[in-house]
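**Q** Let me begin by handing over the structure; questions about it come next.
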Amino acid sequence: MEDSWKRARKENALRVRAGMIRAIRRFFAKNDYLEVETPFRIPGPAPESHIDAIPSDDWFLHTSPELCMKRLLAAGYPQIFQLCKCFRRGERGSLHIPEFTLLEWYKSGTDYRKMMEECEELISHVARSLGHGRTLYYRGREIAIQAPWERISVKDAFRRYSSVSPAEALENNLFDEIMVREIEPRLAERKTPVFLYDYPVVLGALARTKGSNPDVAERFELYMGGLELANAFSELTDAGEQRGRFEKEEQNRRESGKPPYPMPEKFLSELATMPESSGIALGVDRLAMIFTDSATIDDVVTFTPEEL
Amino acid sequence: MDGDPYVIVDFEFSKPGKGQSLYRCKLKNMVNGNQFERTFRSGDTFEPANLREKQMQYLYEEDNQYCFMDTETYEQVYLTQDQLGDAKNYLSDNLNVDILFFGDEPLGITPPNFVELSVTKAEPWAKGDSVTGKTKPVEVETGYTLQVPPFIEEGEKIRIDTRTGEYLTRVKE
């Protein structure tokens, strides 16, 4: 009993988490989404410079269900969602755990703007189901969850909160650092959750380029209470361009000495029939942190790797 | 780094969406105690500091000087409370600790990962409190206060993880 004392303290968090999962499933059922399960073990993840997969036999554990879910979209399933464990090597911190739970959903015939609205609806629905009113409290701050939420472009965020432009930051390899040190803490101060949108094209390997501005990709990140909660794209459906982007990502991986991934040929060949759509991945553990007012991801999972 | 040994006193992993892993470190110069923050990326490398560790026994504290002795040579060294940091919470008489030296200069100590200390002050356990989820503060023989489950009583020994400062288990004698 004394050994399990720490875990017994998590009871409230685990109940809130379970309630959240039930509310998420109800939301998608009500909105005509099909719940799917795709394989965790895959030949290789989508090549991305900074996401490392954990090898499993001669394959890998998926880092997100993205490739398989898009193949389902291409096969004619217009609205799908999945709640699943994903695995990323070397990610451990107060907001990271190598085995984490992702909610990923896709809707054909929409773009990332529509997806922002769907995020507002989903999270408001979950909040209501858990008995919250129009306001959440996270780490001593109020977050108003009544839509619409604030939308800030990456360019404006850099202009407002840092001294350089996104392009200059990228050139000096400082984009991530400025994001973490200067921008994210300021997003925590906003009254509503924030959609940070329109990332430089090189930072949206699977996102469509914006028609009116080819320098940016139609990608957004949702921040709540300063936590980066979800990443979404208007999906790139041009197979030729997608192959070129993957090759570039693979080149970055090679240059930094990372193991190569096989080119996802089946995905690329089916991409040609994928309809225009938008997709999003939301960190379920981090959402549970918000709803339980937890400071670390450790507080909302049954076991951390260190406890095993 | 820059000819001096540094210790990482605080460390935060971050990774903005799809971005690089960043390690935000609070560094402390082990010789002069100066602290500052710096962010490193995965792949950054450093020279390991030329340090040595020696096991010594804690003897006593006087005027903010904590005395430790090498039990083979009887050589004694003194460290201040600042140099000990949180480790002072775990120093019971005759405890063996590892002392870190840079040349001949003692820099700090590493207590054993686990120590057993007696509880000297505790509120009695109110019957009816459920064991689940509740904690109460107690003080141990070194003056350190920590949260424990409510069934711990005065006079009992508890095991503490010195790396986190947290209660681990009750020690039955």
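Every chain in the structure tokens has a letter given in the order shown (A, B, ...), and although residue numbers restart at 1 in each chain, ligands are simply numbered from 1 in the order shown.
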What are the residues of chain B lining chain A at 12 Å or less? Count only C-alpha atoms, and put the answer as a tab-separated table (two decimals) with N, CA and C atoms, in the first residue's frame.
**A**
```
chain	number	residue	atom	x	y	z
B	11	PHE	N	17.19	22.22	-14.95
B	11	PHE	CA	17.24	21.76	-16.30
B	11	PHE	C	15.83	21.60	-16.80
B	12	GLU	N	15.58	22.14	-17.99
B	12	GLU	CA	14.23	22.04	-18.52
B	12	GLU	C	14.31	21.60	-19.97
B	13	PHE	N	13.62	20.50	-20.27
B	13	PHE	CA	13.57	20.02	-21.65
B	13	PHE	C	12.41	20.73	-22.33
B	14	SER	N	12.65	21.28	-23.51
B	14	SER	CA	11.51	21.78	-24.25
B	14	SER	C	11.71	21.50	-25.72
B	15	LYS	N	10.58	21.48	-26.41
B	15	LYS	CA	10.60	21.12	-27.81
B	15	LYS	C	9.36	21.74	-28.40
B	16	PRO	N	9.52	22.92	-29.00
B	16	PRO	CA	8.32	23.54	-29.57
B	16	PRO	C	7.84	22.71	-30.74
B	17	GLY	N	6.56	22.72	-31.01
B	17	GLY	CA	5.93	21.88	-32.02
B	17	GLY	C	6.81	21.61	-33.22
B	18	LYS	N	7.14	20.37	-33.45
B	18	LYS	CA	7.92	19.93	-34.60
B	18	LYS	C	9.33	20.52	-34.62
B	19	GLY	N	9.72	21.23	-33.57
B	19	GLY	CA	11.03	21.88	-33.58
B	19	GLY	C	12.12	21.04	-32.93
B	20	GLN	N	13.26	21.70	-32.72
B	20	GLN	CA	14.41	21.00	-32.14
B	20	GLN	C	14.23	20.83	-30.64
B	21	SER	N	14.93	19.83	-30.09
B	21	SER	CA	14.98	19.69	-28.65
B	21	SER	C	15.89	20.76	-28.08
B	22	LEU	N	15.41	21.44	-27.06
B	22	LEU	CA	16.21	22.47	-26.41
B	22	LEU	C	16.35	22.11	-24.95
B	23	TYR	N	17.55	22.35	-24.42
B	23	TYR	CA	17.81	22.05	-23.02
B	23	TYR	C	18.16	23.36	-22.35
B	24	ARG	N	17.22	23.88	-21.60
B	24	ARG	CA	17.44	25.16	-20.95
B	24	ARG	C	18.04	24.85	-19.59
B	37	GLU	N	21.78	31.33	-16.85
B	37	GLU	CA	21.01	30.42	-17.69
B	37	GLU	C	21.58	30.36	-19.09
B	38	ARG	N	21.58	29.18	-19.68
B	38	ARG	CA	21.96	29.07	-21.07
B	38	ARG	C	21.17	27.94	-21.72
B	39	THR	N	20.83	28.11	-22.99
B	39	THR	CA	20.09	27.08	-23.69
B	39	THR	C	21.01	26.31	-24.63
B	40	PHE	N	20.95	24.99	-24.55
B	40	PHE	CA	21.75	24.14	-25.43
B	40	PHE	C	20.83	23.34	-26.34
B	41	ARG	N	21.38	22.92	-27.48
B	41	ARG	CA	20.62	22.08	-28.40
B	41	ARG	C	21.19	20.67	-28.35
B	42	SER	N	20.38	19.70	-28.77
B	42	SER	CA	20.93	18.34	-28.76
B	42	SER	C	22.09	18.30	-29.74
B	43	GLY	N	23.19	17.65	-29.32
B	43	GLY	CA	24.37	17.60	-30.16
B	43	GLY	C	25.49	18.51	-29.67
B	44	ASP	N	25.17	19.51	-28.81
B	44	ASP	CA	26.22	20.36	-28.25
B	44	ASP	C	27.12	19.53	-27.35
B	130	SER	N	-8.88	9.27	5.20
B	130	SER	CA	-8.62	8.13	4.33
B	130	SER	C	-7.14	8.15	4.00
B	131	VAL	N	-6.57	7.01	3.77
B	131	VAL	CA	-5.15	6.93	3.47
B	131	VAL	C	-4.88	7.51	2.09
B	132	THR	N	-5.87	7.41	1.23
B	132	THR	CA	-5.72	7.83	-0.15
B	132	THR	C	-5.56	9.34	-0.29
B	133	GLY	N	-4.50	9.74	-0.96
B	133	GLY	CA	-4.44	11.11	-1.41
B	133	GLY	C	-4.03	12.16	-0.39
B	134	LYS	N	-4.12	11.85	0.90
B	134	LYS	CA	-3.81	12.88	1.90
B	134	LYS	C	-2.36	12.84	2.32
B	135	THR	N	-1.81	14.02	2.68
B	135	THR	CA	-0.46	14.06	3.23
B	135	THR	C	-0.46	14.98	4.42
B	147	GLN	N	6.52	16.31	3.26
B	147	GLN	CA	5.16	15.75	3.25
B	147	GLN	C	5.24	14.22	3.28
B	148	VAL	N	4.42	13.62	4.13
B	148	VAL	CA	4.39	12.16	4.22
B	148	VAL	C	2.94	11.71	4.31
B	149	PRO	N	2.69	10.40	4.14
B	149	PRO	CA	1.32	9.92	4.34
B	149	PRO	C	0.91	10.09	5.81
B	150	PRO	N	-0.39	10.17	6.09
B	150	PRO	CA	-0.84	10.53	7.44
B	150	PRO	C	-0.55	9.48	8.52
B	151	PHE	N	-0.23	8.24	8.11
B	151	PHE	CA	-0.02	7.20	9.15
B	151	PHE	C	1.36	7.26	9.79
B	152	ILE	N	2.24	8.11	9.33
B	152	ILE	CA	3.58	8.24	9.91
B	152	ILE	C	3.50	8.97	11.25
B	158	ILE	N	11.90	7.09	8.61
B	158	ILE	CA	11.41	7.05	7.23
B	158	ILE	C	12.59	7.12	6.27
B	159	ARG	N	12.37	6.54	5.09
B	159	ARG	CA	13.40	6.61	4.06
B	159	ARG	C	13.07	7.75	3.10
B	166	GLU	N	11.87	13.72	-1.43
B	166	GLU	CA	10.54	13.20	-1.10
B	166	GLU	C	10.59	11.93	-0.25
B	167	TYR	N	9.52	11.76	0.50
B	167	TYR	CA	9.30	10.56	1.29
B	167	TYR	C	9.18	9.34	0.37
B	168	LEU	N	9.80	8.22	0.80
B	168	LEU	CA	9.66	6.99	0.01
B	168	LEU	C	8.86	5.94	0.74
B	169	THR	N	9.32	5.61	1.97
B	169	THR	CA	8.62	4.55	2.69
B	169	THR	C	8.95	4.63	4.18
B	170	ARG	N	8.13	3.93	4.96
B	170	ARG	CA	8.40	3.84	6.39
B	170	ARG	C	9.41	2.73	6.60
B	171	VAL	N	10.33	2.91	7.55
B	171	VAL	CA	11.35	1.89	7.82
B	171	VAL	C	10.95	1.17	9.11
```
**Q** Can you list, as a list in words, all residues belonging to stretch 179-252 of chain A that DSSP tags as helix (DSSP H, G or I)?
**A**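 Selection result, helix (DSSP H, G or I) within stretch 179-252 of chain A: Met179, Val180, Arg181, Glu182, Ile183, Glu184, Pro185, Arg186, Leu187, Val201, Val202, Leu203, Ala239, Gly240, Glu241, Gln242, Arg243, Gly244, Arg245, Phe246, Glu247, Lys248, Glu249, Glu250, Gln251 and Asn252 of chain A.
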**Q** So that I can see what lies close to B:Leu91, please list as a VMD selection string the residues with an atom at most 12 Å from it, counting only C-alpha atoms and leaving out residues fewer than 2 positions away in the same chain.
**A** chain B and resid 57 to 61 66 to 68 81 84 to 89 93 to 97 109 to 112 114 to 118 140 to 144 160 162
**Q** List as JSON, numbers by chain the protein and nucleic acid residues near A:Thr110, meaning an atom at most 8 Å away when only C-alpha atoms are counted, but skip any in the same chain fewer than 3 places from it.
**A** {"A": [107, 113, 114, 115, 234, 276, 277, 278]}
**Q** For the residues in that selection, give me C-alpha atoms as a JSON list (two decimals), in the first residue's frame.
**A**
```json
[["chain", "number", "residue", "atom", "x", "y", "z"],
["A", 107, "LYS", "CA", -12.11, 16.20, -42.10],
["A", 113, "ARG", "CA", -9.51, 27.92, -40.62],
["A", 114, "LYS", "CA", -12.51, 25.60, -40.29],
["A", 115, "MET", "CA", -10.38, 23.34, -38.11],
["A", 234, "SER", "CA", -4.56, 22.30, -44.36],
["A", 276, "GLU", "CA", -8.66, 18.59, -49.87],
["A", 277, "SER", "CA", -8.82, 18.24, -46.10],
["A", 278, "SER", "CA", -7.62, 19.46, -42.79]]
```
**Q** I'd like the interatomic distance between atom CA of B:Leu146 and atom CA of B:Met30, to a tenth of an Å.
**A** 27.6 Å
**Q** Considering only C-alpha atoms, can you say which of B:Asn34, B:Pro137, B:Gly3, B:Trp125 comes closest to B:Glu153?
**A** B:Trp125
**Q** So, counting only C-alpha atoms, which residue among B:Phe102, B:Asp161, B:Met69, B:Asn64 is closest to B:Tyr6?
**A**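 Looking only at the distances to B:Tyr6, the closest residue turns out to be B:Phe102.
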**Q** Within 8 Å of stretch 118-121 of chain A, counting only C-alpha atoms, which residues show up once you throw out same-chain ones fewer than 3 positions away? Write them as a list of chain:residue names, please.
**A**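 Final neighbour list, sorted by chain and number: A:Lys114, A:Met115, A:Ser124, A:His125, A:Ile145, A:Gln146, A:Ala147, A:Pro148, A:Trp149.
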**Q** What's around A:Arg128 at 12 Å? Count only C-alpha atoms, leave out sequence neighbours fewer than 5 positions away in its own chain, and write the answer as a PyMOL selection string.
**A** chain A and resi 19-20+23-24+27+121-123+133-136+145-146+291
**Q** Next, the residues of the selection above should be written as a PDB file, in the first residue's frame with N, CA and C atoms.
**A**
```
ATOM      1  N   GLY A  19     -13.076  11.087 -17.908  1.00  0.00           N
ATOM      2  CA  GLY A  19     -14.268  11.857 -18.288  1.00  0.00           C
ATOM      3  C   GLY A  19     -14.033  12.620 -19.585  1.00  0.00           C
ATOM      4  N   MET A  20     -12.812  13.124 -19.706  1.00  0.00           N
ATOM      5  CA  MET A  20     -12.418  13.861 -20.906  1.00  0.00           C
ATOM      6  C   MET A  20     -12.475  12.968 -22.148  1.00  0.00           C
ATOM      7  N   ALA A  23     -15.984  12.336 -23.148  1.00  0.00           N
ATOM      8  CA  ALA A  23     -16.575  13.521 -23.794  1.00  0.00           C
ATOM      9  C   ALA A  23     -16.053  13.666 -25.225  1.00  0.00           C
ATOM     10  N   ILE A  24     -14.773  13.370 -25.433  1.00  0.00           N
ATOM     11  CA  ILE A  24     -14.189  13.463 -26.783  1.00  0.00           C
ATOM     12  C   ILE A  24     -14.896  12.479 -27.720  1.00  0.00           C
ATOM     13  N   PHE A  27     -18.352  13.714 -28.615  1.00  0.00           N
ATOM     14  CA  PHE A  27     -18.304  14.831 -29.563  1.00  0.00           C
ATOM     15  C   PHE A  27     -18.166  14.322 -30.990  1.00  0.00           C
ATOM     16  N   GLU A 121     -15.066  24.225 -30.710  1.00  0.00           N
ATOM     17  CA  GLU A 121     -16.261  23.457 -30.353  1.00  0.00           C
ATOM     18  C   GLU A 121     -15.919  22.239 -29.489  1.00  0.00           C
ATOM     19  N   LEU A 122     -14.880  21.509 -29.899  1.00  0.00           N
ATOM     20  CA  LEU A 122     -14.518  20.296 -29.160  1.00  0.00           C
ATOM     21  C   LEU A 122     -14.135  20.624 -27.717  1.00  0.00           C
ATOM     22  N   ILE A 123     -13.259  21.586 -27.553  1.00  0.00           N
ATOM     23  CA  ILE A 123     -12.759  21.854 -26.198  1.00  0.00           C
ATOM     24  C   ILE A 123     -13.844  22.471 -25.323  1.00  0.00           C
ATOM     25  N   GLY A 133     -17.714  26.138 -16.466  1.00  0.00           N
ATOM     26  CA  GLY A 133     -18.469  27.219 -17.089  1.00  0.00           C
ATOM     27  C   GLY A 133     -17.677  27.789 -18.246  1.00  0.00           C
ATOM     28  N   ARG A 134     -17.718  29.128 -18.372  1.00  0.00           N
ATOM     29  CA  ARG A 134     -17.041  29.764 -19.507  1.00  0.00           C
ATOM     30  C   ARG A 134     -15.568  30.006 -19.249  1.00  0.00           C
ATOM     31  N   THR A 135     -15.143  29.715 -18.040  1.00  0.00           N
ATOM     32  CA  THR A 135     -13.766  30.029 -17.684  1.00  0.00           C
ATOM     33  C   THR A 135     -13.077  28.817 -17.080  1.00  0.00           C
ATOM     34  N   LEU A 136     -11.823  28.611 -17.489  1.00  0.00           N
ATOM     35  CA  LEU A 136     -11.000  27.589 -16.853  1.00  0.00           C
ATOM     36  C   LEU A 136      -9.924  28.305 -16.050  1.00  0.00           C
ATOM     37  N   ILE A 145     -13.112  30.425 -22.359  1.00  0.00           N
ATOM     38  CA  ILE A 145     -13.176  29.468 -23.463  1.00  0.00           C
ATOM     39  C   ILE A 145     -14.329  29.702 -24.417  1.00  0.00           C
ATOM     40  N   GLN A 146     -15.010  30.826 -24.238  1.00  0.00           N
ATOM     41  CA  GLN A 146     -16.071  31.125 -25.190  1.00  0.00           C
ATOM     42  C   GLN A 146     -15.459  31.560 -26.527  1.00  0.00           C
ATOM     43  N   PHE A 291      -7.154  20.524 -17.631  1.00  0.00           N
ATOM     44  CA  PHE A 291      -8.398  20.291 -16.895  1.00  0.00           C
ATOM     45  C   PHE A 291      -8.171  19.862 -15.450  1.00  0.00           C
TER      46      PHE A 291
END
```
**Q** Taking the DSSP secondary structure from the backbone, can you list the residues of stretch 43-270 of chain A that are strand (DSSP E or B), as a PyMOL selection string?
**A** chain A and resi 55-56+59-61+79-87+93+96+99-108+135-138+141-144+150-153+194-200+207+209-210+213-224+227-235
**Q** For A:Arg286, work out the shell of residues within 12 Å, counting only C-alpha atoms and skipping chain neighbours fewer than 2 positions away, then give it as a PyMOL selection string.
**A** chain A and resi 13+17+20+94-97+100-103+138+222-230+281-284+288-301
**Q** I need the residues from that last selection saved to file as a PDB file, in the first residue's frame (with C-alpha atoms), if you can.
**A**
```pdb
ATOM      1  CA  ALA A  13      -6.570  13.395 -12.281  1.00  0.00           C
ATOM      2  CA  ARG A  17      -8.892  12.222 -17.745  1.00  0.00           C
ATOM      3  CA  MET A  20     -12.418  13.861 -20.906  1.00  0.00           C
ATOM      4  CA  SER A  94       7.515  18.425 -17.731  1.00  0.00           C
ATOM      5  CA  LEU A  95       5.465  18.555 -20.964  1.00  0.00           C
ATOM      6  CA  HIS A  96       6.910  15.498 -22.695  1.00  0.00           C
ATOM      7  CA  ILE A  97       6.845  11.780 -22.166  1.00  0.00           C
ATOM      8  CA  PHE A 100       1.968   9.775 -24.949  1.00  0.00           C
ATOM      9  CA  THR A 101      -1.654   9.898 -26.048  1.00  0.00           C
ATOM     10  CA  LEU A 102      -2.635  11.715 -29.191  1.00  0.00           C
ATOM     11  CA  LEU A 103      -6.080  12.589 -30.498  1.00  0.00           C
ATOM     12  CA  TYR A 138      -4.831  26.984 -15.117  1.00  0.00           C
ATOM     13  CA  LEU A 222      -3.246  25.792 -30.516  1.00  0.00           C
ATOM     14  CA  TYR A 223      -1.946  27.148 -27.195  1.00  0.00           C
ATOM     15  CA  MET A 224      -3.912  27.042 -23.956  1.00  0.00           C
ATOM     16  CA  GLY A 225      -2.455  28.522 -20.806  1.00  0.00           C
ATOM     17  CA  GLY A 226       0.877  28.698 -22.637  1.00  0.00           C
ATOM     18  CA  LEU A 227       0.840  24.947 -23.342  1.00  0.00           C
ATOM     19  CA  GLU A 228       1.182  23.912 -26.936  1.00  0.00           C
ATOM     20  CA  LEU A 229      -1.812  21.658 -27.255  1.00  0.00           C
ATOM     21  CA  ALA A 230      -2.413  20.845 -30.913  1.00  0.00           C
ATOM     22  CA  ALA A 281      -3.176  16.196 -33.655  1.00  0.00           C
ATOM     23  CA  LEU A 282      -3.978  17.158 -30.080  1.00  0.00           C
ATOM     24  CA  GLY A 283      -1.986  16.107 -27.015  1.00  0.00           C
ATOM     25  CA  VAL A 284      -4.460  14.384 -24.722  1.00  0.00           C
ATOM     26  CA  ALA A 288      -5.668  16.594 -19.076  1.00  0.00           C
ATOM     27  CA  MET A 289      -3.039  18.855 -17.462  1.00  0.00           C
ATOM     28  CA  ILE A 290      -5.215  21.873 -18.240  1.00  0.00           C
ATOM     29  CA  PHE A 291      -8.398  20.291 -16.895  1.00  0.00           C
ATOM     30  CA  THR A 292      -6.661  19.120 -13.713  1.00  0.00           C
ATOM     31  CA  ASP A 293      -4.538  22.269 -13.294  1.00  0.00           C
ATOM     32  CA  SER A 294      -1.399  20.103 -13.248  1.00  0.00           C
ATOM     33  CA  ALA A 295       2.126  21.476 -13.562  1.00  0.00           C
ATOM     34  CA  THR A 296       3.623  18.378 -15.164  1.00  0.00           C
ATOM     35  CA  ILE A 297       2.586  15.612 -17.500  1.00  0.00           C
ATOM     36  CA  ASP A 298       3.646  13.134 -14.778  1.00  0.00           C
ATOM     37  CA  ASP A 299       0.553  14.127 -12.793  1.00  0.00           C
ATOM     38  CA  VAL A 300      -1.923  12.933 -15.434  1.00  0.00           C
ATOM     39  CA  VAL A 301      -0.500   9.547 -16.502  1.00  0.00           C
TER      40      VAL A 301
END
```
